[in-house]
Every structure is written in structure tokens, then in C-alpha cells.
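Chemist: Next comes the structure file work-v8.cif, holding mmCIF, C-alpha atoms.
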```cif
data_target
loop_
_atom_site.label_atom_id
_atom_site.label_comp_id
_atom_site.auth_asym_id
_atom_site.auth_seq_id
_atom_site.Cartn_x
_atom_site.Cartn_y
_atom_site.Cartn_z
CA MET A 1 54.41 109.48 89.83
CA SER A 2 55.56 113.09 90.12
CA ASP A 3 58.82 114.20 88.48
CA ASP A 4 60.64 114.61 91.78
CA ARG A 5 59.89 110.98 92.69
CA ARG A 6 60.79 109.34 89.40
CA PRO A 7 63.52 106.66 89.53
CA PRO A 8 67.01 107.75 88.38
CA TYR A 9 66.57 105.95 85.05
CA GLU A 10 63.18 106.68 83.47
CA PRO A 11 61.54 106.12 80.07
CA ALA A 12 62.24 108.73 77.42
CA ASP A 13 59.53 111.30 76.76
CA GLY A 14 56.77 109.76 74.69
CA HIS A 15 57.41 106.18 75.82
CA GLY A 16 54.92 104.85 78.33
CA ASP A 17 55.15 101.68 80.42
CA GLU A 18 53.33 99.55 77.87
CA GLU A 19 55.51 100.69 75.02
CA ALA A 20 58.63 100.21 77.13
CA THR A 21 57.59 96.64 77.84
CA ASN A 22 56.93 95.77 74.22
CA ASP A 23 59.82 97.64 72.63
CA ALA A 24 63.11 95.72 73.06
CA SER A 25 65.02 98.71 71.79
CA ASN A 26 63.58 101.01 74.45
CA VAL A 27 66.01 103.86 75.13
CA TRP A 28 66.58 105.01 78.70
CA GLN A 29 67.90 108.37 79.77
CA PRO A 30 69.24 109.47 83.15
CA SER A 31 67.92 112.41 85.01
CA GLU A 32 70.38 115.14 85.94
CA GLU A 33 70.13 113.83 89.49
CA ALA A 34 71.20 110.37 88.28
CA MET A 35 74.26 111.73 86.51
CA ASN A 36 75.28 113.74 89.54
CA SER A 37 74.71 110.74 91.81
CA LEU A 38 76.88 108.51 89.64
CA ALA A 39 79.64 111.12 89.51
CA ARG A 40 79.53 111.52 93.28
CA GLY A 41 79.67 107.76 93.70
CA LEU A 42 82.74 107.52 91.50
CA ASP A 43 84.43 110.34 93.39
CA ALA A 44 83.68 108.64 96.71
CA HIS A 45 85.15 105.31 95.56
CA VAL A 46 88.25 106.98 94.13
CA GLU A 47 88.75 108.94 97.35
CA ARG A 48 88.32 105.79 99.44
CA ILE A 49 90.96 103.98 97.40
CA ARG A 50 93.27 106.99 97.67
CA ARG A 51 92.98 107.18 101.46
CA ILE A 52 93.80 103.50 101.86
CA MET A 53 96.65 103.29 99.37
CA GLN A 54 98.25 106.76 99.53
CA PRO A 55 100.61 106.17 102.49
CA LEU A 56 102.33 103.37 100.61
CA ALA A 57 101.39 104.25 97.06
CA GLY A 58 104.95 104.60 95.84
CA ARG A 59 105.82 100.97 96.46
CA ILE A 60 102.78 99.08 97.71
CA ALA A 61 100.95 99.77 94.46
CA GLU A 62 103.62 97.74 92.66
CA LEU A 63 103.14 94.64 94.82
CA PRO A 64 101.42 91.99 92.67
CA VAL A 65 98.60 91.38 95.15
CA VAL A 66 97.65 95.06 95.11
CA LYS A 67 98.45 95.74 91.47
CA ARG A 68 96.00 93.10 90.26
CA GLN A 69 93.21 94.77 92.23
CA THR A 70 94.08 98.42 91.65
CA ASP A 71 94.58 97.83 87.92
CA ALA A 72 91.03 96.47 87.69
CA ILE A 73 89.65 99.45 89.61
CA SER A 74 91.71 101.98 87.69
CA ALA A 75 90.63 100.59 84.32
CA VAL A 76 86.95 100.82 85.14
CA VAL A 77 87.18 104.19 86.87
CA ALA A 78 89.25 105.65 84.04
CA ARG A 79 86.75 104.47 81.45
CA ASN A 80 83.80 105.76 83.44
CA GLN A 81 85.33 109.15 84.11
CA GLN A 82 86.18 109.67 80.46
CA LEU A 83 82.76 108.58 79.26
CA ILE A 84 80.99 110.72 81.83
CA LYS A 85 83.11 113.70 80.81
CA ILE A 86 82.28 113.19 77.14
CA GLN A 87 78.60 112.62 77.77
CA THR A 88 78.30 115.55 80.18
CA GLU A 89 79.94 117.91 77.70
CA ALA A 90 77.62 116.65 75.00
CA ALA A 91 74.61 117.10 77.25
CA GLN A 92 75.61 120.67 78.06
CA ALA A 93 76.13 121.47 74.39
CA VAL A 94 72.69 120.22 73.37
CA ALA A 95 70.78 120.70 76.61
CA GLU A 96 67.61 121.63 74.74
CA HIS A 97 67.70 118.25 72.96
CA LEU A 98 68.75 116.15 75.98
CA GLN A 99 65.88 113.72 75.49
CA GLN A 100 67.39 112.63 72.18
CA ILE A 101 70.70 111.42 73.69
CA ASP A 102 71.08 107.70 74.33
CA PHE A 103 72.35 107.06 77.87
CA VAL A 104 71.51 103.38 78.08
CA TRP A 105 75.21 102.44 78.43
CA LEU A 106 75.49 104.34 81.73
CA GLU A 107 73.53 101.68 83.56
CA GLY A 108 75.86 98.96 82.29
CA LEU A 109 78.94 100.92 83.29
CA ARG A 110 77.50 101.61 86.72
CA GLU A 111 76.85 97.90 87.21
CA GLN A 112 80.35 97.04 85.96
CA LEU A 113 81.97 99.45 88.40
CA ALA A 114 79.79 98.28 91.27
CA GLY A 115 80.69 94.67 90.47
CA VAL A 116 84.42 95.32 90.55
CA LEU A 117 84.26 97.34 93.75
CA SER A 118 82.01 94.85 95.51
CA ARG A 119 84.61 92.11 95.05
CA ILE A 120 87.32 94.11 96.78
CA ASP A 121 87.48 94.12 100.56
CA PHE A 122 89.15 97.45 101.26
CA GLY A 123 89.17 96.73 104.98
CA LYS A 124 91.17 93.57 104.44
CA ILE A 125 93.64 95.40 102.20
CA ALA A 126 94.21 98.09 104.83
CA ASP A 127 94.49 95.48 107.58
CA ALA A 128 96.98 93.42 105.55
CA ILE A 129 99.10 96.50 104.92
CA HIS A 130 99.05 97.33 108.63
CA ARG A 131 99.97 93.78 109.68
CA GLY A 132 102.64 93.57 107.01
CA LEU A 133 104.55 96.59 108.27
CA PRO A 134 107.11 96.36 111.08
CA PRO A 135 105.83 97.59 114.48
CA ASN A 136 108.15 100.61 114.49
CA TRP A 137 106.82 101.67 111.06
CA GLN A 138 103.27 101.54 112.41
CA GLU A 139 104.24 104.24 114.91
CA LEU A 140 105.01 106.72 112.14
CA ASN A 141 102.44 109.43 111.52
CA ASP A 142 100.41 109.58 108.31
CA MET A 143 102.50 112.41 106.86
CA VAL A 144 105.67 110.31 106.64
CA ARG A 145 106.89 109.61 103.11
CA ILE A 146 106.83 105.81 103.32
CA SER A 147 108.17 105.39 99.78
CA GLU A 148 111.37 107.17 100.83
CA LEU A 149 111.71 104.80 103.78
CA PHE A 150 111.58 101.89 101.31
CA ASP A 151 114.41 103.51 99.35
CA ILE A 152 116.47 103.98 102.52
CA THR A 153 115.98 100.32 103.39
CA GLU A 154 117.08 99.22 99.92
CA ALA A 155 120.20 101.36 100.29
CA GLY A 156 121.29 99.08 103.13
CA TYR A 157 120.00 100.83 106.23
CA PRO A 158 118.06 98.59 108.65
CA THR A 159 114.68 100.10 109.47
CA ALA A 160 112.46 97.17 110.55
CA TRP A 161 111.82 96.38 114.24
CA VAL A 162 114.53 98.87 115.16
CA PRO A 163 115.29 101.77 115.40
CA ARG A 164 112.37 103.74 116.87
CA ALA A 165 110.05 105.88 114.75
CA SER A 166 111.68 109.19 115.72
CA ILE A 167 115.00 107.97 114.28
CA LEU A 168 113.24 106.70 111.15
CA ASN A 169 111.82 110.19 110.67
CA GLN A 170 115.33 111.63 110.83
CA LEU A 171 116.57 109.09 108.28
CA ILE A 172 113.80 110.19 105.94
CA GLN A 173 114.71 113.85 106.37
CA ALA A 174 118.43 113.18 105.73
CA GLU A 175 119.58 113.91 102.19
CA THR A 176 122.85 111.95 101.94
CA ASP A 177 124.37 108.65 103.02
CA ASP A 178 126.81 110.52 105.24
CA GLU A 179 123.94 112.20 107.06
CA ARG A 180 122.18 108.86 107.57
CA GLY A 181 125.36 107.30 108.90
CA GLN A 182 125.71 110.20 111.33
CA ILE A 183 122.15 109.61 112.51
CA PHE A 184 122.98 106.01 113.43
CA ALA A 185 126.22 107.04 115.12
CA GLY A 186 124.55 109.94 116.92
CA HIS A 187 121.81 107.82 118.47
CA GLN A 188 123.91 105.07 119.96
CA ALA A 189 122.13 105.02 123.34
CA GLU A 190 118.62 104.99 121.83
CA ILE A 191 119.49 102.28 119.31
CA ILE A 192 121.02 100.06 121.98
CA GLU A 193 117.91 100.56 124.12
CA ASP A 194 115.63 99.71 121.18
CA CYS A 195 117.64 96.58 120.40
CA ARG A 196 117.43 95.39 124.00
CA THR A 197 113.67 95.90 123.96
CA VAL A 198 113.08 93.67 120.93
CA ILE A 199 115.66 91.06 122.02
CA ALA A 200 113.61 90.51 125.18
CA ASP A 201 110.95 88.87 123.00
CA VAL A 202 113.37 86.31 121.51
CA VAL A 203 112.53 83.14 123.45
CA ASP A 204 112.60 80.24 121.00
CA GLU A 205 115.13 77.58 121.97
CA ASP A 206 116.75 77.73 118.53
CA LEU A 207 117.40 81.46 118.93
CA VAL A 208 118.23 81.82 122.62
CA GLU A 209 122.00 81.58 122.08
CA LEU A 210 121.85 84.21 119.36
CA ALA A 211 119.86 86.45 121.71
CA GLU A 212 122.58 86.01 124.34
CA MET A 213 125.23 86.94 121.78
CA LEU A 214 123.20 90.00 120.83
CA GLU A 215 123.03 91.06 124.46
CA GLU A 216 126.80 90.74 124.76
CA MET A 217 127.20 92.70 121.54
CA LEU A 218 125.07 95.50 122.98
CA THR A 219 127.03 95.51 126.23
CA VAL A 220 130.27 95.83 124.28
CA ALA A 221 128.83 98.67 122.19
CA GLU A 222 127.46 100.39 125.28
CA GLY A 223 130.96 100.32 126.74
CA GLY A 224 132.28 102.20 123.72
CA HIS A 225 134.00 99.24 122.05
CA LEU A 226 132.32 99.70 118.70
CA VAL A 227 134.92 97.86 116.62
CA ALA A 228 134.39 94.71 118.68
CA ALA A 229 130.62 95.22 118.56
CA GLN A 230 130.67 95.49 114.76
CA ALA A 231 132.77 92.33 114.39
CA LEU A 232 130.38 90.35 116.61
CA ALA A 233 127.34 91.85 114.88
CA ALA A 234 128.70 90.77 111.48
CA SER A 235 129.04 87.19 112.70
CA ILE A 236 125.56 87.16 114.26
CA PHE A 237 124.17 88.61 111.03
CA ASP A 238 125.76 85.82 108.99
CA THR A 239 124.69 83.08 111.42
CA THR A 240 121.09 84.30 111.48
CA LEU A 241 120.92 84.39 107.70
CA ARG A 242 122.01 80.74 107.60
CA PHE A 243 119.33 79.89 110.16
CA THR A 244 116.64 81.65 108.13
CA ILE A 245 117.80 80.65 104.64
CA GLU A 246 119.49 77.28 104.91
CA PRO A 247 122.52 76.66 102.66
CA GLU A 248 122.09 73.91 100.09
CA ARG A 249 125.81 73.67 99.46
CA ILE A 250 129.01 75.44 100.49
CA SER A 251 129.47 77.48 97.32
CA GLY A 252 127.03 80.05 96.02
CA TYR A 253 125.26 80.64 99.31
CA TYR A 254 125.29 84.43 99.29
CA ALA A 255 124.03 84.55 95.72
CA LYS A 256 121.15 82.31 96.81
CA VAL A 257 120.38 84.57 99.78
CA LYS A 258 120.30 87.70 97.66
CA ALA A 259 118.13 86.00 95.03
CA GLU A 260 115.63 84.82 97.65
CA ILE A 261 115.43 88.24 99.27
CA GLU A 262 114.94 89.93 95.89
CA ASP A 263 112.21 87.40 95.04
CA HIS A 264 110.40 88.20 98.28
CA LYS A 265 110.70 91.90 97.55
CA GLU A 266 109.16 91.53 94.11
CA ASN A 267 106.52 88.89 94.79
CA ALA A 268 105.67 89.00 98.49
CA SER A 269 102.09 89.23 99.65
CA LEU A 270 101.19 92.10 101.95
CA SER A 271 101.45 89.80 104.96
CA GLU A 272 105.06 88.98 103.96
CA LEU A 273 106.05 92.61 103.53
CA ARG A 274 107.77 92.89 106.92
CA TRP A 275 110.05 89.90 106.20
CA GLY A 276 111.28 91.65 103.07
CA LEU A 277 111.84 94.95 104.84
CA VAL A 278 113.94 93.18 107.48
CA HIS A 279 116.10 91.34 104.97
CA ILE A 280 116.46 93.86 102.11
CA PRO A 281 119.43 95.62 103.80
CA ALA A 282 121.22 92.26 103.79
CA VAL A 283 121.58 92.51 100.01
CA ALA A 284 123.76 95.61 100.38
CA ALA A 285 125.64 94.09 103.32
CA LEU A 286 126.46 91.01 101.20
CA LYS A 287 127.79 92.96 98.23
CA MET A 288 131.06 91.36 97.17
CA PHE A 289 134.24 93.28 96.48
CA ASN A 290 137.50 92.00 95.07
CA ALA A 291 140.39 93.62 96.93
CA PRO A 292 143.14 91.91 94.85
CA ALA A 293 141.50 93.30 91.73
CA GLY A 294 141.63 96.80 93.16
CA ASP A 295 138.06 97.18 94.39
CA PRO A 296 137.88 99.82 97.13
CA VAL A 297 136.93 98.71 100.61
CA PRO A 298 133.23 99.52 101.17
CA ASP A 299 132.72 102.42 103.54
CA ARG A 300 129.24 101.23 104.53
CA PHE A 301 128.67 98.07 106.59
CA ASN A 302 129.64 94.98 104.60
CA ARG A 303 129.92 91.43 105.92
CA HIS A 304 132.78 90.48 103.62
CA ALA A 305 134.77 93.63 104.42
CA SER A 306 134.14 93.25 108.16
CA ALA A 307 135.80 89.84 107.99
CA HIS A 308 138.51 90.45 105.39
CA ALA A 309 139.22 94.18 105.29
CA VAL A 310 139.61 95.22 108.91
CA GLY A 311 140.48 98.90 109.07
CA ARG A 312 139.08 102.36 109.62
CA VAL A 313 137.31 102.48 106.26
CA GLN A 314 134.98 99.59 107.07
CA TYR A 315 135.02 99.87 110.85
CA SER A 316 133.38 103.10 111.98
CA PRO A 317 130.86 104.19 114.62
CA ALA A 318 128.13 104.47 111.98
CA ASN A 319 128.82 101.02 110.54
CA ALA A 320 128.96 99.50 114.01
CA LEU A 321 125.49 100.81 114.86
CA ILE A 322 124.14 99.78 111.45
CA ALA A 323 125.53 96.25 111.94
CA VAL A 324 124.15 96.06 115.49
CA THR A 325 120.71 97.17 114.28
CA LEU A 326 120.69 94.80 111.31
CA ALA A 327 121.74 91.76 113.36
CA THR A 328 119.08 92.53 115.96
CA SER A 329 116.30 92.95 113.41
CA LEU A 330 117.14 89.64 111.70
CA VAL A 331 117.07 87.68 114.97
CA ARG A 332 113.83 89.36 116.07
CA GLU A 333 112.20 88.59 112.73
CA ALA A 334 113.32 84.96 112.97
CA GLN A 335 111.50 84.77 116.31
CA GLU A 336 108.39 86.32 114.76
CA GLN A 337 108.38 83.82 111.90
CA ILE A 338 108.57 80.93 114.37
CA SER A 339 105.77 82.43 116.46
CA GLU A 340 103.53 82.92 113.43
CA GLU A 341 104.15 79.37 112.20
CA THR A 342 103.26 78.05 115.66
CA GLU A 343 100.02 80.05 115.64
CA ASP A 344 99.14 78.79 112.15
CA ASP A 345 99.75 75.18 113.19
CA ALA A 346 97.51 75.61 116.22
CA ALA A 347 94.70 77.20 114.22
#
```
Could you render the structure from this file as C-alpha cells?
Modeler:
Amino acid sequence: MSDDRRPPYEPADGHGDEEATNDASNVWQPSEEAMNSLARGLDAHVERIRRIMQPLAGRIAELPVVKRQTDAISAVVARNQQLIKIQTEAAQAVAEHLQQIDFVWLEGLREQLAGVLSRIDFGKIADAIHRGLPPNWQELNDMVRISELFDITEAGYPTAWVPRASILNQLIQAETDDERGQIFAGHQAEIIEDCRTVIADVVDEDLVELAEMLEEMLTVAEGGHLVAAQALAASIFDTTLRFTIEPERISGYYAKVKAEIEDHKENASLSELRWGLVHIPAVAALKMFNAPAGDPVPDRFNRHASAHAVGRVQYSPANALIAVTLATSLVREAQEQISEETEDDAA
């Protein structure tokens, strides 16, 4: 067989087929083509992982279901890259004696990497990420800093189901809480329109009355009565939480809600990601404050303050639109959960 047709891993000079068969300690060496091929293969796999995970890398990579897989890949890739670097440098330094270098471990590492990668369905990971995101997030372009949108959601701003992607982009660009509040207040008409659009899909008999209350809330807001709209939104928000996370007893309910939401955030599968994104702002909205002890009234939407600290600090155009958006997203997600459970039961 001519040199240009030899397999990537060939017997060392001076070792024929018969000797290779009889010598258990036979040493194999890669051709330069083999080393380059392996390096290109590693680069291709790393690039493929990067393209799939980069849009959500900041937060998705920390989800347990992804972390278990990416840790396995990273460990193998990191080992391979370091070993290839060391071996390549050694080969360059002693190029004239290349036939004396033992490369037998490269085949094992190649098989190890191939084994890890073959067990990972990258298509399913990408599909699960896509399905796990809210529909309005899926409309964002690839350049959007998704990790910042996670941070905005954790700060108490509703971002799932509503509002539309163009408003989400503005929230990402904003640098302060005041600017984000102004974005909600400044897009009253668009937010009301978005809320009406998603409410139209709420059809389950257990949620129809809440949908009717949401429609009335939007009509009130549309008429400029934002204080009344915020008060109604706060009540719908609370009622929907109790529908989604049933109270076990009268006391300690809000602590239970926050604990369950935090648990979903930390341990949710990719398919449960949207549920967490919908409910994470509820943690901020349920933050307790003790007015008799001198705690200041929250200036961002807060359920407790909306009920017990009525005034211009808590009631504002921004908070009204935040409350309206949050209440709408919770009801719409409740409908989606019911629909998905029905589909699973039918399957």
C-alpha cells in the first residue's frame, strides 16, 4: 500500500504485519494527517456545542440537565486538547525522531471522545431549549443577550408570554430599574394589546373567570385608570398563584410559593424552563415588608404593598403595567400547563 493510502494509524517503521500480530506491545504512531484530522474533529465538536449552547450559556449551562452533559464533554475535550498540544509541541521539537514517539494513547482518547459525543443528542438539546422558552423569547434574534434577560426576570420584571420581543429588547438595553419601569409605562398600548392576544387562548373552564377578570383589568387600564387596574391585577395574581400552587394551610403560604419557584429555577428540566421564567418575578412581588417596623414601602410592584400600603409610592403607571403583565402571564401559563397535561394523558 502506498504511503498516501496508508490508514491514519500505521505500524512504526521496522514493524511489519507479522511482527505487529505477534508483538502485544506493538507501538502505533499517527501520521501527520491523522493528527490534523483529530484536531479538526475536536474543533468541529467544540464549535457545534458552542453554537447550540451560546445563546443561553450564561444560565442554561448551570441547569442540572445540561451541566451533567456539558461537564462530561468539557472534561474529555479539555484533556484531549491539552494532550494534543503537548504531543504536537514534542513532535515539532523532535521532528527528525518522530518515529520514536509513542502515540498509542491517541486512539484511546479518540474513542473516549467519540463515545461521549455519540451519547449526546445535540438536536434534542436544542429542541428542548427551544420548547422550554416562552413564545415571545423565541422571537428574539440570535444576538440578544439572553443571560441579561434572565437577570431582568429575576429582578421582578415579567418577560414570559408578554410583552412582545421588541419591548424585551428595550428592557435588555436599559441600564437601571427606573429605565425599565419607564419602558413598561411607555408601552401601555402595546402591552395591553399583547395581553389581550394571549388571554384569547385561555379557554379552560377553571380559568375562564380569571380570563374575564383579566379582560376587565385591561379595559380599565386602557381607559387610563391604572390605579384600579393595578389593584385588580394584584388580586388576579394572588388568585392564580393559589390555583397553580395550592395552599396546604393558611399560614406560611407565600414562603411555600417562593420555595417552590426557587426549586423550579434551580432544578427544572429544559422543558420546564418556561414555567420558571413565568413565575420567577412572583418571588420579588411577594417580598414581605414590615411597615410598623419602619420598612419603606416598595416602589416596585409588590402584592403585599398593593393591598396594605395604598399610595403613590406603590401605585404608579410602571407598577400598574408590570402587575397587569405579570397577572396575564401567570394565567396564560396556567392554561398552557393544563393543555400540556391533557396532551400527555391522551398520548
Chemist: Can you tell me how far CA of Leu149 (chain A) sits from CA of Glu341 (chain A), in Å to one decimal?
Modeler: 27.8 Å
Chemist: Under the rule that only C-alpha atoms are counted, which of A:Asp121, A:Pro163, A:Val202, A:Ala233 is the nearest residue to Ser339 (chain A)?
Modeler: A:Val202
Chemist: Between A:Glu333, A:Asp178, A:Asp194, A:Asp299, which is the closest to His279 (chain A) once you count all atoms listed in the file?
Modeler: A:Glu333
Chemist: With all atoms listed in the file as the basis for distance, which of A:Thr240, A:Gln337, A:Gln173, A:Ser166 is at the shortest distance from His187 (chain A)?
Modeler: A:Ser166
Chemist: Which residues, written as a list in words, have at least one atom at most 12 Å from Val203 (chain A), with only C-alpha atoms counted and residues fewer than 5 positions away on the same chain left out?
Modeler: Val198, Val208, Glu209, Leu210, Ala211, Glu212, Val331, Arg332, Ala334, Gln335, Glu336, Ile338 and Ser339 of chain A
Chemist: Write a file of the selected residues as a PDB file, in the coordinates of the input, keeping C-alpha atoms.
Modeler:
```pdb
ATOM      1  CA  VAL A 198     113.080  93.670 120.930  1.00  0.00           C
ATOM      2  CA  VAL A 208     118.230  81.820 122.620  1.00  0.00           C
ATOM      3  CA  GLU A 209     122.000  81.580 122.080  1.00  0.00           C
ATOM      4  CA  LEU A 210     121.850  84.210 119.360  1.00  0.00           C
ATOM      5  CA  ALA A 211     119.860  86.450 121.710  1.00  0.00           C
ATOM      6  CA  GLU A 212     122.580  86.010 124.340  1.00  0.00           C
ATOM      7  CA  VAL A 331     117.070  87.680 114.970  1.00  0.00           C
ATOM      8  CA  ARG A 332     113.830  89.360 116.070  1.00  0.00           C
ATOM      9  CA  ALA A 334     113.320  84.960 112.970  1.00  0.00           C
ATOM     10  CA  GLN A 335     111.500  84.770 116.310  1.00  0.00           C
ATOM     11  CA  GLU A 336     108.390  86.320 114.760  1.00  0.00           C
ATOM     12  CA  ILE A 338     108.570  80.930 114.370  1.00  0.00           C
ATOM     13  CA  SER A 339     105.770  82.430 116.460  1.00  0.00           C
TER      14      SER A 339
END
```
Chemist: For this file, the PyMOL selection byres ((chain A and resi 150) around 12) selects which residues, as a PDB file with C-alpha atoms, in the frame of the given file?
Modeler:
```pdb
ATOM      1  CA  PRO A  55     100.610 106.170 102.490  1.00  0.00           C
ATOM      2  CA  LEU A  56     102.330 103.370 100.610  1.00  0.00           C
ATOM      3  CA  ALA A  57     101.390 104.250  97.060  1.00  0.00           C
ATOM      4  CA  GLY A  58     104.950 104.600  95.840  1.00  0.00           C
ATOM      5  CA  ARG A  59     105.820 100.970  96.460  1.00  0.00           C
ATOM      6  CA  ILE A  60     102.780  99.080  97.710  1.00  0.00           C
ATOM      7  CA  LEU A 133     104.550  96.590 108.270  1.00  0.00           C
ATOM      8  CA  TRP A 137     106.820 101.670 111.060  1.00  0.00           C
ATOM      9  CA  VAL A 144     105.670 110.310 106.640  1.00  0.00           C
ATOM     10  CA  ARG A 145     106.890 109.610 103.110  1.00  0.00           C
ATOM     11  CA  ILE A 146     106.830 105.810 103.320  1.00  0.00           C
ATOM     12  CA  SER A 147     108.170 105.390  99.780  1.00  0.00           C
ATOM     13  CA  GLU A 148     111.370 107.170 100.830  1.00  0.00           C
ATOM     14  CA  LEU A 149     111.710 104.800 103.780  1.00  0.00           C
ATOM     15  CA  ASP A 151     114.410 103.510  99.350  1.00  0.00           C
ATOM     16  CA  ILE A 152     116.470 103.980 102.520  1.00  0.00           C
ATOM     17  CA  THR A 153     115.980 100.320 103.390  1.00  0.00           C
ATOM     18  CA  GLU A 154     117.080  99.220  99.920  1.00  0.00           C
ATOM     19  CA  ALA A 155     120.200 101.360 100.290  1.00  0.00           C
ATOM     20  CA  GLY A 156     121.290  99.080 103.130  1.00  0.00           C
ATOM     21  CA  TYR A 157     120.000 100.830 106.230  1.00  0.00           C
ATOM     22  CA  PRO A 158     118.060  98.590 108.650  1.00  0.00           C
ATOM     23  CA  THR A 159     114.680 100.100 109.470  1.00  0.00           C
ATOM     24  CA  ALA A 160     112.460  97.170 110.550  1.00  0.00           C
ATOM     25  CA  LEU A 168     113.240 106.700 111.150  1.00  0.00           C
ATOM     26  CA  LEU A 171     116.570 109.090 108.280  1.00  0.00           C
ATOM     27  CA  ILE A 172     113.800 110.190 105.940  1.00  0.00           C
ATOM     28  CA  LYS A 265     110.700  91.900  97.550  1.00  0.00           C
ATOM     29  CA  LEU A 273     106.050  92.610 103.530  1.00  0.00           C
ATOM     30  CA  ARG A 274     107.770  92.890 106.920  1.00  0.00           C
ATOM     31  CA  GLY A 276     111.280  91.650 103.070  1.00  0.00           C
ATOM     32  CA  LEU A 277     111.840  94.950 104.840  1.00  0.00           C
ATOM     33  CA  VAL A 278     113.940  93.180 107.480  1.00  0.00           C
ATOM     34  CA  ILE A 280     116.460  93.860 102.110  1.00  0.00           C
ATOM     35  CA  PRO A 281     119.430  95.620 103.800  1.00  0.00           C
TER      36      PRO A 281
END
```
Chemist: Any idea what the distance is between CA of Ala200 (chain A) and CA of Ala165 (chain A)?
Modeler: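 CA of Ala165 (chain A) lies at a distance of 18.9 Å from CA of Ala200 (chain A).
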Chemist: Check which residues satisfy the PyMOL selection byres ((chain A and resi 238) around 12) in the file shown, then give them as a PDB file with C-alpha atoms, in the coordinates of the input.
Modeler:
```pdb
ATOM      1  CA  LEU A 210     121.850  84.210 119.360  1.00  0.00           C
ATOM      2  CA  ALA A 231     132.770  92.330 114.390  1.00  0.00           C
ATOM      3  CA  LEU A 232     130.380  90.350 116.610  1.00  0.00           C
ATOM      4  CA  ALA A 233     127.340  91.850 114.880  1.00  0.00           C
ATOM      5  CA  ALA A 234     128.700  90.770 111.480  1.00  0.00           C
ATOM      6  CA  SER A 235     129.040  87.190 112.700  1.00  0.00           C
ATOM      7  CA  ILE A 236     125.560  87.160 114.260  1.00  0.00           C
ATOM      8  CA  PHE A 237     124.170  88.610 111.030  1.00  0.00           C
ATOM      9  CA  THR A 239     124.690  83.080 111.420  1.00  0.00           C
ATOM     10  CA  THR A 240     121.090  84.300 111.480  1.00  0.00           C
ATOM     11  CA  LEU A 241     120.920  84.390 107.700  1.00  0.00           C
ATOM     12  CA  ARG A 242     122.010  80.740 107.600  1.00  0.00           C
ATOM     13  CA  PHE A 243     119.330  79.890 110.160  1.00  0.00           C
ATOM     14  CA  THR A 244     116.640  81.650 108.130  1.00  0.00           C
ATOM     15  CA  ILE A 245     117.800  80.650 104.640  1.00  0.00           C
ATOM     16  CA  GLU A 246     119.490  77.280 104.910  1.00  0.00           C
ATOM     17  CA  PRO A 247     122.520  76.660 102.660  1.00  0.00           C
ATOM     18  CA  TYR A 253     125.260  80.640  99.310  1.00  0.00           C
ATOM     19  CA  TYR A 254     125.290  84.430  99.290  1.00  0.00           C
ATOM     20  CA  VAL A 257     120.380  84.570  99.780  1.00  0.00           C
ATOM     21  CA  HIS A 279     116.100  91.340 104.970  1.00  0.00           C
ATOM     22  CA  ALA A 282     121.220  92.260 103.790  1.00  0.00           C
ATOM     23  CA  VAL A 283     121.580  92.510 100.010  1.00  0.00           C
ATOM     24  CA  ALA A 285     125.640  94.090 103.320  1.00  0.00           C
ATOM     25  CA  LEU A 286     126.460  91.010 101.200  1.00  0.00           C
ATOM     26  CA  ASN A 302     129.640  94.980 104.600  1.00  0.00           C
ATOM     27  CA  ARG A 303     129.920  91.430 105.920  1.00  0.00           C
ATOM     28  CA  HIS A 304     132.780  90.480 103.620  1.00  0.00           C
ATOM     29  CA  SER A 306     134.140  93.250 108.160  1.00  0.00           C
ATOM     30  CA  ALA A 307     135.800  89.840 107.990  1.00  0.00           C
ATOM     31  CA  ALA A 323     125.530  96.250 111.940  1.00  0.00           C
ATOM     32  CA  LEU A 326     120.690  94.800 111.310  1.00  0.00           C
ATOM     33  CA  ALA A 327     121.740  91.760 113.360  1.00  0.00           C
ATOM     34  CA  THR A 328     119.080  92.530 115.960  1.00  0.00           C
ATOM     35  CA  LEU A 330     117.140  89.640 111.700  1.00  0.00           C
ATOM     36  CA  VAL A 331     117.070  87.680 114.970  1.00  0.00           C
TER      37      VAL A 331
END
```
Chemist: Neighbouring residues of Ala189 (chain A) were defined as those with any atom within 12 Å, considering only C-alpha atoms; residues of the same chain fewer than 6 positions away were excluded. Please report them as number ranges by chain.
Modeler: A: 163-164, 167, 183, 195-196, 218-219, 221-224, 321
Chemist: What does the distance between CA of Gln182 (chain A) and CA of Ala228 (chain A) come to in Å, to one decimal place?
Modeler: 19.2 Å
Chemist: When you look at Pro298 (chain A) with a cut-off of 12 Å (counting only C-alpha atoms), what residues show up, excluding the ones that are within fewer than 6 positions of it in the same chain? I need them as a short mmCIF file (atom, residue, chain, number, x, y, z; two decimals) with C-alpha atoms, keeping the file's coordinate frame.
Modeler:
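Generated file (out.cif):
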```
data_model
loop_
_atom_site.label_atom_id
_atom_site.label_comp_id
_atom_site.auth_asym_id
_atom_site.auth_seq_id
_atom_site.Cartn_x
_atom_site.Cartn_y
_atom_site.Cartn_z
CA ALA A 284 123.76 95.61 100.38
CA ALA A 285 125.64 94.09 103.32
CA LEU A 286 126.46 91.01 101.20
CA LYS A 287 127.79 92.96 98.23
CA MET A 288 131.06 91.36 97.17
CA PHE A 289 134.24 93.28 96.48
CA ASN A 290 137.50 92.00 95.07
CA ALA A 291 140.39 93.62 96.93
CA HIS A 304 132.78 90.48 103.62
CA ALA A 305 134.77 93.63 104.42
CA SER A 306 134.14 93.25 108.16
CA HIS A 308 138.51 90.45 105.39
CA ALA A 309 139.22 94.18 105.29
CA VAL A 310 139.61 95.22 108.91
CA GLY A 311 140.48 98.90 109.07
CA ARG A 312 139.08 102.36 109.62
CA VAL A 313 137.31 102.48 106.26
CA GLN A 314 134.98 99.59 107.07
CA TYR A 315 135.02 99.87 110.85
CA SER A 316 133.38 103.10 111.98
CA ASN A 319 128.82 101.02 110.54
#
```
Chemist: With all atoms listed in the file as the atoms that count, which of A:Gly115, A:Gly186, A:Pro135, A:Gly123 lies nearest to Trp161 (chain A)?
Modeler: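 Closest to Trp161 (chain A), using all atoms listed in the file: A:Pro135.
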Chemist: Using all atoms listed in the file, which residue out of A:Leu226, A:Gly252, A:Asp206, A:Gly132 lies closest to Ser269 (chain A)?
Modeler: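 Of A:Leu226, A:Gly252, A:Asp206, A:Gly132, the one nearest Ser269 (chain A), counting all atoms listed in the file, is A:Gly132.
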Chemist: Smallest atom-to-atom distance to Thr325 (chain A): which of A:Asp295, A:Glu33, A:Ala347, A:Ile192, using only C-alpha atoms?
Modeler: A:Ile192
